[in-house]
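> Okay, so here is my_file_22.tsv, and as you'll see once you scroll down, it has TSV, C-alpha atoms.
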chain	number	residue	atom	x	y	z
A	1	MET	CA	55.88	0.83	-31.47
A	2	THR	CA	57.73	1.23	-28.16
A	3	MET	CA	56.33	3.35	-25.37
A	4	GLN	CA	58.94	4.39	-22.85
A	5	GLU	CA	58.33	3.58	-19.22
A	6	ALA	CA	56.97	6.49	-17.23
A	7	LYS	CA	57.52	7.31	-13.60
A	8	PRO	CA	54.67	6.94	-11.13
A	9	ASN	CA	52.18	9.53	-12.28
A	10	THR	CA	49.33	11.50	-10.90
A	11	ARG	CA	45.84	10.11	-11.16
A	12	ARG	CA	42.66	11.85	-12.13
A	13	ASN	CA	40.10	9.24	-11.25
A	14	GLU	CA	37.45	11.36	-9.63
A	15	LYS	CA	34.16	11.48	-11.45
A	16	VAL	CA	33.43	14.93	-12.84
A	17	PRO	CA	29.83	15.70	-13.80
A	18	PRO	CA	29.55	17.21	-17.31
A	19	THR	CA	28.98	20.94	-17.34
A	20	ALA	CA	28.44	21.58	-21.07
A	21	LEU	CA	24.96	22.02	-22.50
A	22	PRO	CA	23.62	19.92	-25.39
A	23	PRO	CA	24.05	21.28	-28.91
A	24	ALA	CA	21.22	22.82	-30.87
A	25	GLY	CA	18.37	20.56	-31.93
A	26	SER	CA	19.30	20.81	-35.60
A	27	VAL	CA	22.79	19.48	-34.79
A	28	VAL	CA	21.38	16.57	-32.80
A	29	ASP	CA	18.87	15.70	-35.53
A	30	SER	CA	21.63	15.54	-38.13
A	31	LEU	CA	23.47	12.87	-36.15
A	32	PRO	CA	22.91	9.12	-36.69
A	33	ALA	CA	21.00	7.27	-33.98
A	34	GLU	CA	24.21	5.67	-32.68
A	35	ASP	CA	25.85	9.05	-32.24
A	36	GLN	CA	22.78	10.49	-30.54
A	37	VAL	CA	22.91	7.71	-27.96
A	38	LEU	CA	26.61	8.28	-27.35
A	39	LEU	CA	26.07	12.04	-27.07
A	40	THR	CA	23.42	11.50	-24.40
A	41	ARG	CA	25.81	9.27	-22.45
A	42	LEU	CA	28.68	11.73	-22.63
A	43	LEU	CA	26.50	14.62	-21.48
A	44	SER	CA	24.71	12.76	-18.69
A	45	GLU	CA	27.30	10.44	-17.16
A	46	PRO	CA	30.21	11.69	-15.05
A	47	SER	CA	33.51	11.77	-16.94
A	48	GLU	CA	36.75	10.26	-15.68
A	49	TYR	CA	40.14	9.10	-16.91
A	50	ILE	CA	43.46	7.88	-15.50
A	51	ASP	CA	46.12	10.51	-15.98
A	52	ASP	CA	49.60	9.62	-17.23
A	53	ALA	CA	52.66	11.73	-18.04
A	54	ARG	CA	52.78	10.26	-21.55
A	55	LEU	CA	49.35	11.71	-22.34
A	56	SER	CA	50.63	15.28	-22.03
A	57	LYS	CA	53.65	14.94	-24.31
A	58	ARG	CA	53.73	16.92	-27.51
A	59	GLY	CA	52.31	14.93	-30.40
A	60	ALA	CA	51.03	12.25	-28.04
A	61	ASP	CA	47.92	11.65	-30.14
A	62	LYS	CA	49.92	10.76	-33.28
A	63	THR	CA	52.36	8.70	-31.21
A	64	LEU	CA	49.59	6.72	-29.54
A	65	PHE	CA	47.24	6.22	-32.48
A	66	GLY	CA	49.80	6.08	-35.29
A	67	VAL	CA	47.87	8.53	-37.49
A	68	GLU	CA	47.01	12.21	-37.51
A	69	THR	CA	43.93	13.18	-35.57
A	70	LYS	CA	41.56	14.27	-38.32
A	71	LEU	CA	37.97	13.50	-39.16
A	72	VAL	CA	37.16	11.08	-41.94
A	73	GLU	CA	34.93	13.73	-43.50
A	74	ARG	CA	34.17	17.32	-42.67
A	75	ASN	CA	30.76	16.64	-41.13
A	76	ALA	CA	31.61	13.17	-39.81
A	77	ALA	CA	31.92	12.20	-36.15
A	78	ARG	CA	34.73	9.69	-36.68
A	79	PHE	CA	38.48	10.06	-36.81
A	80	VAL	CA	40.69	8.24	-39.26
A	81	ARG	CA	41.10	4.65	-38.10
A	82	PRO	CA	44.22	4.26	-35.90
A	83	THR	CA	47.00	1.76	-36.47
A	84	PRO	CA	46.02	-1.66	-35.04
A	85	VAL	CA	47.79	-2.60	-31.83
A	86	VAL	CA	48.10	-6.25	-32.89
A	87	GLN	CA	49.34	-6.69	-36.46
A	88	ASP	CA	49.21	-10.50	-36.44
A	89	LYS	CA	46.65	-11.65	-39.04
A	90	LYS	CA	46.22	-14.92	-37.16
A	91	SER	CA	44.32	-12.97	-34.49
A	92	ARG	CA	41.26	-13.18	-36.69
A	93	GLY	CA	40.93	-16.86	-35.85
A	94	SER	CA	39.26	-18.38	-32.83
A	95	ARG	CA	42.35	-18.03	-30.63
A	96	VAL	CA	42.72	-14.59	-29.05
A	97	PRO	CA	46.37	-13.46	-29.05
A	98	THR	CA	48.12	-12.53	-25.81
A	99	LEU	CA	49.16	-8.88	-25.55
A	100	THR	CA	52.67	-7.90	-24.65
A	101	THR	CA	53.20	-5.38	-21.87
A	102	GLU	CA	53.89	-2.61	-24.40
A	103	GLN	CA	50.77	-3.43	-26.45
A	104	GLU	CA	48.62	-3.51	-23.34
A	105	GLN	CA	49.94	-0.16	-22.13
A	106	LEU	CA	49.39	1.34	-25.57
A	107	LEU	CA	45.73	0.30	-25.51
A	108	PHE	CA	45.18	1.81	-22.06
A	109	LEU	CA	46.97	5.01	-23.03
A	110	ARG	CA	44.71	5.30	-26.09
A	111	PHE	CA	41.66	4.69	-23.92
A	112	ASN	CA	42.58	7.31	-21.33
A	113	TYR	CA	43.78	9.84	-23.91
A	114	ALA	CA	40.41	9.64	-25.69
A	115	ARG	CA	38.55	10.02	-22.38
A	116	ARG	CA	40.71	12.97	-21.44
A	117	GLU	CA	39.95	14.71	-24.75
A	118	VAL	CA	36.21	14.21	-24.22
A	119	LEU	CA	36.48	15.80	-20.77
A	120	SER	CA	38.55	18.72	-22.08
A	121	ILE	CA	35.87	19.51	-24.70
A	122	LEU	CA	33.17	19.40	-22.04
A	123	ASP	CA	35.23	21.71	-19.81
A	124	ALA	CA	35.86	24.14	-22.69
A	125	ALA	CA	32.12	24.41	-23.28
A	126	ALA	CA	31.24	24.77	-19.60
A	127	CYS	CA	27.75	26.24	-19.11
A	128	LYS	CA	27.47	26.80	-22.87
A	129	ARG	CA	25.95	24.89	-25.74
A	130	LEU	CA	28.28	22.67	-27.67
A	131	THR	CA	28.89	23.84	-31.19
A	132	ALA	CA	28.53	21.48	-34.15
A	133	ALA	CA	32.33	21.22	-34.48
A	134	GLN	CA	32.79	20.50	-30.77
A	135	THR	CA	30.01	17.91	-30.88
A	136	ARG	CA	31.55	16.02	-33.82
A	137	LYS	CA	35.02	16.12	-32.28
A	138	MET	CA	33.76	14.95	-28.87
A	139	LEU	CA	31.83	12.09	-30.47
A	140	ALA	CA	34.90	11.09	-32.47
A	141	TRP	CA	36.96	10.87	-29.28
A	142	GLY	CA	34.09	9.05	-27.58
A	143	HIS	CA	34.09	6.42	-30.32
A	144	ARG	CA	37.85	6.03	-30.02
A	145	ALA	CA	37.46	5.46	-26.28
A	146	LEU	CA	34.81	2.80	-26.88
A	147	VAL	CA	36.94	1.07	-29.49
A	148	ALA	CA	39.96	1.01	-27.18
A	149	ARG	CA	37.91	-0.35	-24.30
A	150	SER	CA	36.39	-3.01	-26.55
A	151	GLU	CA	39.86	-4.09	-27.63
A	152	ILE	CA	41.00	-4.32	-24.01
A	153	VAL	CA	38.01	-6.45	-23.08
A	154	ARG	CA	38.28	-8.64	-26.19
A	155	PHE	CA	41.91	-9.52	-25.52
A	156	ASN	CA	41.15	-10.33	-21.86
A	157	LEU	CA	37.90	-12.30	-22.20
A	158	PRO	CA	39.78	-15.63	-22.00
A	159	LEU	CA	40.80	-14.57	-18.49
A	160	VAL	CA	37.15	-14.63	-17.36
A	161	LEU	CA	36.55	-18.01	-18.96
A	162	ALA	CA	39.66	-19.53	-17.41
A	163	MET	CA	38.83	-18.25	-13.93
A	164	ALA	CA	35.22	-19.41	-14.19
A	165	LYS	CA	36.39	-22.93	-15.06
A	166	ARG	CA	38.81	-23.03	-12.16
A	167	THR	CA	36.35	-21.65	-9.63
A	168	ARG	CA	34.58	-24.41	-7.71
A	169	LEU	CA	31.31	-22.90	-6.59
A	170	GLY	CA	28.57	-25.42	-6.03
A	171	GLY	CA	25.03	-24.41	-6.88
A	172	THR	CA	26.02	-21.47	-9.10
A	173	ASP	CA	25.17	-21.11	-12.74
A	174	TYR	CA	28.20	-21.07	-15.06
A	175	ASN	CA	26.61	-18.55	-17.42
A	176	GLU	CA	25.91	-16.20	-14.52
A	177	LEU	CA	29.56	-16.41	-13.48
A	178	ILE	CA	30.64	-15.47	-17.00
A	179	SER	CA	28.20	-12.56	-17.12
A	180	GLU	CA	29.34	-11.14	-13.77
A	181	GLY	CA	32.99	-11.67	-14.70
A	182	ASN	CA	32.54	-9.73	-17.95
A	183	VAL	CA	30.98	-6.82	-16.09
A	184	ALA	CA	33.86	-6.83	-13.61
A	185	LEU	CA	36.29	-6.85	-16.53
A	186	LEU	CA	34.65	-3.74	-17.99
A	187	ARG	CA	34.82	-1.91	-14.69
A	188	SER	CA	38.44	-2.90	-14.21
A	189	ALA	CA	39.37	-1.50	-17.62
A	190	GLU	CA	38.00	1.90	-16.60
A	191	LYS	CA	39.91	1.95	-13.29
A	192	PHE	CA	43.24	0.41	-14.24
A	193	ASP	CA	46.37	2.58	-14.07
A	194	CYS	CA	48.90	1.20	-16.55
A	195	GLY	CA	51.55	3.64	-15.28
A	196	ARG	CA	52.12	1.60	-12.15
A	197	GLY	CA	53.86	-1.10	-14.15
A	198	TYR	CA	51.54	-4.03	-13.39
A	199	LYS	CA	49.81	-6.27	-15.89
A	200	PHE	CA	46.10	-5.68	-16.32
A	201	SER	CA	45.34	-9.35	-15.65
A	202	THR	CA	46.83	-9.00	-12.14
A	203	TYR	CA	44.45	-6.13	-11.39
A	204	ALA	CA	41.40	-7.64	-13.10
A	205	CYS	CA	41.71	-11.07	-11.46
A	206	ARG	CA	40.82	-9.70	-8.03
A	207	ALA	CA	37.79	-7.87	-9.39
A	208	ILE	CA	36.62	-10.97	-11.27
A	209	LEU	CA	37.03	-13.18	-8.18
A	210	LYS	CA	35.02	-10.67	-6.13
A	211	SER	CA	32.26	-10.78	-8.73
A	212	PHE	CA	32.24	-14.58	-8.49
A	213	SER	CA	31.94	-14.27	-4.72
A	214	ARG	CA	28.92	-12.01	-5.15
A	215	VAL	CA	27.30	-14.60	-7.39
A	216	ALA	CA	27.94	-17.29	-4.77
A	217	MET	CA	26.49	-15.11	-1.99
A	218	ARG	CA	23.35	-14.42	-4.03
A	219	ALA	CA	22.96	-18.12	-4.75
A	220	SER	CA	23.41	-18.93	-1.06
A	221	ARG	CA	20.77	-16.39	-0.01
A	222	TYR	CA	18.41	-17.78	-2.63
A	223	ARG	CA	18.90	-21.34	-1.40
A	224	SER	CA	18.27	-20.28	2.20
A	225	ARG	CA	14.93	-18.81	1.17
A	226	PHE	CA	14.05	-21.48	-1.40
A	227	PRO	CA	15.75	-24.74	-0.29
A	228	VAL	CA	14.01	-26.74	-3.01
A	229	GLU	CA	14.56	-26.06	-6.69
A	230	PHE	CA	11.57	-24.73	-8.56
A	231	ASP	CA	9.53	-27.55	-10.07
A	232	PRO	CA	6.57	-26.54	-12.27
A	233	ILE	CA	4.93	-29.91	-11.64
A	234	MET	CA	4.85	-29.25	-7.90
A	235	GLU	CA	3.43	-25.79	-8.45
A	236	LYS	CA	0.43	-27.16	-10.38
A	237	SER	CA	-2.52	-28.22	-8.24
A	238	ASP	CA	-4.95	-30.88	-9.47
A	239	PHE	CA	-7.68	-29.81	-7.04
A	240	LEU	CA	-9.85	-28.28	-9.78
A	241	ASP	CA	-9.41	-31.34	-12.00
A	242	ARG	CA	-10.42	-33.68	-9.20
A	243	LYS	CA	-13.31	-31.42	-8.28
A	244	ARG	CA	-14.53	-31.43	-11.87
A	245	VAL	CA	-14.29	-35.24	-12.09
A	246	ASP	CA	-16.27	-35.59	-8.86
A	247	VAL	CA	-18.96	-33.22	-10.11
A	248	GLU	CA	-19.17	-35.05	-13.44
A	249	SER	CA	-19.45	-38.40	-11.64
A	250	ASP	CA	-22.23	-37.08	-9.42
A	251	CYS	CA	-24.06	-35.67	-12.44
A	252	VAL	CA	-23.85	-39.02	-14.24
A	253	GLU	CA	-25.23	-40.84	-11.21
A	254	GLU	CA	-28.02	-38.31	-10.90
A	255	LEU	CA	-28.73	-38.62	-14.61
A	256	LYS	CA	-29.05	-42.39	-14.29
A	257	ASN	CA	-31.36	-41.91	-11.30
A	258	ILE	CA	-33.50	-39.52	-13.33
A	259	LEU	CA	-33.77	-42.07	-16.12
A	260	VAL	CA	-34.50	-45.00	-13.78
A	261	GLN	CA	-37.24	-43.12	-11.91
A	262	ASN	CA	-38.26	-41.21	-15.06
A	263	ILE	CA	-38.25	-37.93	-13.16
A	264	ALA	CA	-37.96	-36.04	-16.47
A	265	ASP	CA	-41.24	-37.67	-17.65
A	266	LEU	CA	-39.72	-39.18	-20.82
A	267	ASN	CA	-41.80	-41.41	-23.03
A	268	GLU	CA	-40.63	-44.87	-24.00
A	269	VAL	CA	-39.03	-43.77	-27.30
A	270	GLU	CA	-37.14	-40.91	-25.64
A	271	GLN	CA	-35.84	-43.25	-22.93
A	272	THR	CA	-34.64	-45.71	-25.55
A	273	VAL	CA	-32.86	-43.00	-27.58
A	274	ILE	CA	-31.06	-41.59	-24.54
A	275	LYS	CA	-30.01	-45.00	-23.17
A	276	GLU	CA	-28.72	-46.21	-26.56
A	277	ARG	CA	-27.04	-42.95	-27.55
A	278	PHE	CA	-25.13	-42.60	-24.26
A	279	ALA	CA	-24.81	-46.32	-23.30
A	280	LEU	CA	-26.74	-45.90	-20.05
A	281	ASP	CA	-28.54	-49.20	-20.13
A	282	ARG	CA	-27.06	-51.07	-17.15
A	283	ALA	CA	-28.43	-54.42	-18.32
A	284	ARG	CA	-26.47	-54.17	-21.59
A	285	VAL	CA	-23.28	-52.49	-20.35
A	286	LEU	CA	-21.24	-55.68	-20.74
A	287	GLU	CA	-22.62	-56.40	-24.21
A	288	SER	CA	-22.38	-52.96	-25.76
A	289	PRO	CA	-20.30	-50.50	-23.65
A	290	SER	CA	-19.96	-47.98	-26.48
A	291	PRO	CA	-22.79	-45.56	-27.42
A	292	LYS	CA	-24.66	-46.03	-30.69
A	293	THR	CA	-24.71	-43.55	-33.55
A	294	LEU	CA	-27.81	-41.69	-34.65
A	295	GLU	CA	-28.17	-43.99	-37.62
A	296	GLU	CA	-27.90	-47.15	-35.47
A	297	VAL	CA	-30.54	-45.86	-33.04
A	298	GLY	CA	-32.75	-44.94	-36.00
A	299	VAL	CA	-32.56	-48.53	-37.31
A	300	LEU	CA	-33.40	-49.80	-33.81
A	301	ILE	CA	-36.59	-47.72	-33.40
A	302	GLY	CA	-37.45	-47.51	-37.12
A	303	VAL	CA	-36.97	-43.78	-37.86
A	304	THR	CA	-34.43	-41.64	-39.71
A	305	LYS	CA	-31.31	-40.38	-38.00
A	306	GLU	CA	-32.55	-36.78	-38.26
A	307	ARG	CA	-35.68	-37.79	-36.37
A	308	VAL	CA	-33.46	-39.45	-33.76
A	309	ARG	CA	-31.57	-36.15	-33.37
A	310	GLN	CA	-34.84	-34.30	-32.76
A	311	ILE	CA	-36.01	-36.86	-30.18
A	312	GLN	CA	-32.62	-36.74	-28.49
A	313	ASN	CA	-32.59	-32.93	-28.22
A	314	LYS	CA	-36.12	-32.87	-26.80
A	315	ALA	CA	-35.27	-35.58	-24.26
A	316	LEU	CA	-32.05	-33.80	-23.23
A	317	ALA	CA	-33.97	-30.58	-22.65
A	318	LYS	CA	-36.34	-32.42	-20.28
A	319	ILE	CA	-33.42	-34.09	-18.50
A	320	ARG	CA	-31.55	-30.79	-18.15
A	321	SER	CA	-34.59	-29.16	-16.59
A	322	ALA	CA	-35.00	-32.04	-14.16
A	323	LEU	CA	-31.30	-32.09	-13.35
A	324	GLU	CA	-31.25	-28.38	-12.58
A	325	SER	CA	-34.27	-28.59	-10.31
A	326	GLU	CA	-33.34	-31.82	-8.54
A	327	TYR	CA	-29.51	-31.71	-8.32
A	328	LEU	CA	-27.88	-28.38	-9.15
A	329	VAL	CA	-30.30	-26.31	-7.06
A	330	ALA	CA	-29.79	-28.59	-4.10
How does this structure look as structure tokens?

Amino acid sequence: MTMQEAKPNTRRNEKVPPTALPPAGSVVDSLPAEDQVLLTRLLSEPSEYIDDARLSKRGADKTLFGVETKLVERNAARFVRPTPVVQDKKSRGSRVPTLTTEQEQLLFLRFNYARREVLSILDAAACKRLTAAQTRKMLAWGHRALVARSEIVRFNLPLVLAMAKRTRLGGTDYNELISEGNVALLRSAEKFDCGRGYKFSTYACRAILKSFSRVAMRASRYRSRFPVEFDPIMEKSDFLDRKRVDVESDCVEELKNILVQNIADLNEVEQTVIKERFALDRARVLESPSPKTLEEVGVLIGVTKERVRQIQNKALAKIRSALESEYLVA
């Protein structure tokens, strides 16, 4: 489809706050969740569009979208699907096709026509509640605007990728560049005036480069404040670990002192059980560095392992009491 070249046109790019009131609650409740979200956006965010002489021509909607403007169903909030801008079936592959000038202008005219229709419905219902019919029609135009913008962005995403690869910015994250470039691409689509005769890529490139510059400036400010990259290993202090090891070492030495001087008043059997169970006998450290089991200690002193457990618990209670009074209190 060929769209004739228009003369330099007037712009309507000022943001106009919505003046219509939300529809009745029953109308809102009957809408799907997706439509409710879109309705909230249309009623809360300022509306804008880029005017063009071709938008005001008679039958412009059918000329631009290739089909009559009618709802899919009576109570639906969707129009009949328009004719695709790109007919090439190969576009479904991984390679995104390049739009011709006429195809690109058609997409932008669709986008701005849909936005203009949304604004006209809001103006018609100024200071009044939207009716159910107005709500469905406004949502249908809102969806058409979103679809057109998505198509514009989809066909121009390779531009962001190509510019990010060419940009040499040290210390910046590639994924952050892509993210900022995509946002700049979205903003550019909403501000671009196709009636001036320029390609969208020419307009969007400057916005994308500016977004890359913002990323670089943020990275530079971050490096000036944090000259060293974050290292979790450096952030972890071993002070508590070393403190715990020192305390444990002191406790072991004090325990040995308690056993040597028999401060806990242990009998001979209790001393033997503790020394063998915990390998505290200094004279036999080189021979048997590992502690003995309950059964091995029982064989050594001639009792059952359960009796060894009882002797051990009683001896540990005495040692704990002595340790608390002699070491921990001090």
> Could you state the separation of atom CA of A:Glu268 and atom CA of A:Glu253 in Å, given to one decimal place?
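It comes out at 20.4 Å.
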> Determine, counting all atoms listed in the file, which protein, DNA and RNA residues have an atom within 12 Å of an atom of A:Glu296; residues of the same chain fewer than 3 positions away are not included. Present the result as a list in words.
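Once the adjacent positions are removed, what remains is Val273, Glu276, Arg277, Pro291, Lys292, Thr293, Val299, Leu300, Ile301, Gly302, Val303, Thr304, Lys305, Glu306, Val308 and Arg309 of chain A.
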> Report the distance between atom CA of A:Ser290 and atom CA of A:Lys314 in Å, rounded to one decimal place.
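It comes out at 22.1 Å.
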> Pick the closest to A:Gly195 from A:Ala53, A:Leu21, A:Val245, A:Leu266: which is it, counting only C-alpha atoms?
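Answer, going by the shortest atom-to-atom distance: A:Ala53.
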> Hey, can you pull every residue with an atom no more than 6 Å from (-36.1, -35.0, -13.0), using all atoms listed in the file, and send it as a ChimeraX atom specification?
/A:258,263-264,322-323
> Kindly save the residues from that selection, with C-alpha atoms included, as an mmCIF file, in the frame of the given file.

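As a result, out-v5.cif now contains:
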data_model
loop_
_atom_site.group_PDB
_atom_site.id
_atom_site.type_symbol
_atom_site.label_atom_id
_atom_site.label_comp_id
_atom_site.auth_asym_id
_atom_site.auth_seq_id
_atom_site.Cartn_x
_atom_site.Cartn_y
_atom_site.Cartn_z
ATOM 1 C CA ILE A 258 -33.500 -39.520 -13.330
ATOM 2 C CA ILE A 263 -38.250 -37.930 -13.160
ATOM 3 C CA ALA A 264 -37.960 -36.040 -16.470
ATOM 4 C CA ALA A 322 -35.000 -32.040 -14.160
ATOM 5 C CA LEU A 323 -31.300 -32.090 -13.350
#
> Counting all atoms listed in the file, which residues of stretch 122-163 of chain A fall within 8 Å of stretch 168-183 of chain A, and what is the closest atom pair for each with its distance in Å at one decimal, ordered by chain and rising number, as JSON lines?

{"residue": "A:Leu157", "atom": "CA", "partner": "A:Asn182", "partner_atom": "CA", "distance": 7.3}
{"residue": "A:Val160", "atom": "CA", "partner": "A:Gly181", "partner_atom": "CA", "distance": 5.8}
{"residue": "A:Leu161", "atom": "CA", "partner": "A:Ile178", "partner_atom": "CA", "distance": 6.7}
> What does the distance between atom CA of A:Arg187 and atom CA of A:Phe79 come to in Å, to one decimal place?
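Straight-line distance from atom CA of A:Arg187 to atom CA of A:Phe79 works out to 25.4 Å.
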